[in-house]
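**Student:** Below is one structure. I have some questions about it.
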Amino acid sequence: MISGLDKEQFKNFSLLTLSNFFFFCNFSSFFLLPLFIRGLGGDEAQIGYIMGSFGITSLLTVPLVSYLIDKFGRKNFLLFGYLLMFLSSASFIFITELDYKIYLLRLVQGVAFAFSFTTAATSVSDFVPKQIRAYGLGIFGAFTIASYAIGPSLGEFIIDNLSYRAFFIYASIFSLISFLLSYFSKDGKFQYSKESFFKGFFKIVFSKRFSPILLINLIIAGGLGSMLNFFAAFLDSEKINVSAFFLTYSITVILVRVFGGRLSDIFDRKKVGVPSMLLMAISLMSVWFISDLYSAIFVSFLFSLGYGMLYPAMSAMIIDLAFDDERGKAMGVFNMSFSFGINMLAFGLGIIARDQGFRAMYLITGIFVFIGFVLFLFSRFVNVETKSNEN
């Protein structure tokens, strides 16, 4: 049991964390979708378009989800998200060519992701006291990352030895498990919002209190998205085992969050986040030098170490900045900026990779994240406990 949680808190925290873990086994399996796209004759730009289309509906849906879960509670919307992800993922068995259907299913998956992850992350925060918030959210995130070692790795084995149809069935079943687990969870204690849809959500989006961290989060997500959306295709083009990245990423991030997750609870969140973001930028630029399996694993380790330290600090920081009736909306805009960075930037990154190559794309992405590091270094963040009223 996590120190600081009572029996009921721990039960619901565990159910929500496990259900999110299985959901992300489904989600992370689709990092192999670029291989399927290439098999159907798609190029790097089409990979970017298809992978990025996921973010369109994810972005558009987050404001609605954030409003609904603050207004009416969490559980029913979490169940809806998991069920929708199961159905949309299983439907890929009917895709035989690169036409509108594959884009449509990615758009539906984007809606499912917005409902599932925004609600799960907000629900977990309801059960974690502030004094262990970064650690609790870090454990939640560690289970999320653990899914990356299972979903893509086992998925690659299924593709190689069975078929893509078997792979899509395999991936979708994880969300069905998530649905069943979350059915037994309960809503935690939070203050129901009385604000209207537009006033509540968009007040946060344009708030001076939140805007710096949202921009920084978008940049971080752009760096992460370059790895999750394109690194499998890059390694495959270099004849390097694709699973090398996902296994290294998963193991490193899990260890960092389990053993180092308390650092931003003990020290200032920013003091932990800033050097971690710098390490991310350096690792992305280092992709230029990858030549074999060992260099790929080393770069993957550096990237994973940096990002692994960032998540607990950033996710705790966004909740620290929010009032009690803003948690759903705060987590919503946080995930919205993340979704924009990880998915929408994939369109541009795909074009760069097609025209200039993967190495140039990662060099440009690393410079982009370095600019975010500078912004993070000079930004100020005010906790709501020290500043009680700011729009």
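Ligands are numbered from 1 in the order shown, chains are lettered A, B, ... in the order of the structure tokens, and residues start at 1 in each chain.
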Skipping near chain neighbours, those fewer than 4 positions away, what residues fall within 10 Å of stretch 285-290 of chain A using only C-alpha atoms, listed as an NGL selection string?
**Tutor:** :A and (231 or 234-235 or 238 or 280-281 or 294-300 or 302-303 or 358-370)
**Student:** Looking at only C-alpha atoms, which of A:Gly73, A:Gly341, A:Gly52, A:Pro212 is the one that sits closest to A:Ala120?
**Tutor:**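 Looking at the shortest contact to A:Ala120, the residue is A:Gly73.
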**Student:** Here is a test: counting only C-alpha atoms, which residue of A:Asn343, A:Leu228, A:Val374, A:Leu214 is nearest to A:Pro275?
**Tutor:** A:Val374
**Student:** Please determine, counting only C-alpha atoms, which residue among A:Phe54, A:Tyr82, A:Phe30, A:Phe127 has the shortest atom-to-atom distance to A:Ser147.
**Tutor:**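 Once distances to A:Ser147 are computed over only C-alpha atoms, the minimum belongs to A:Phe30.
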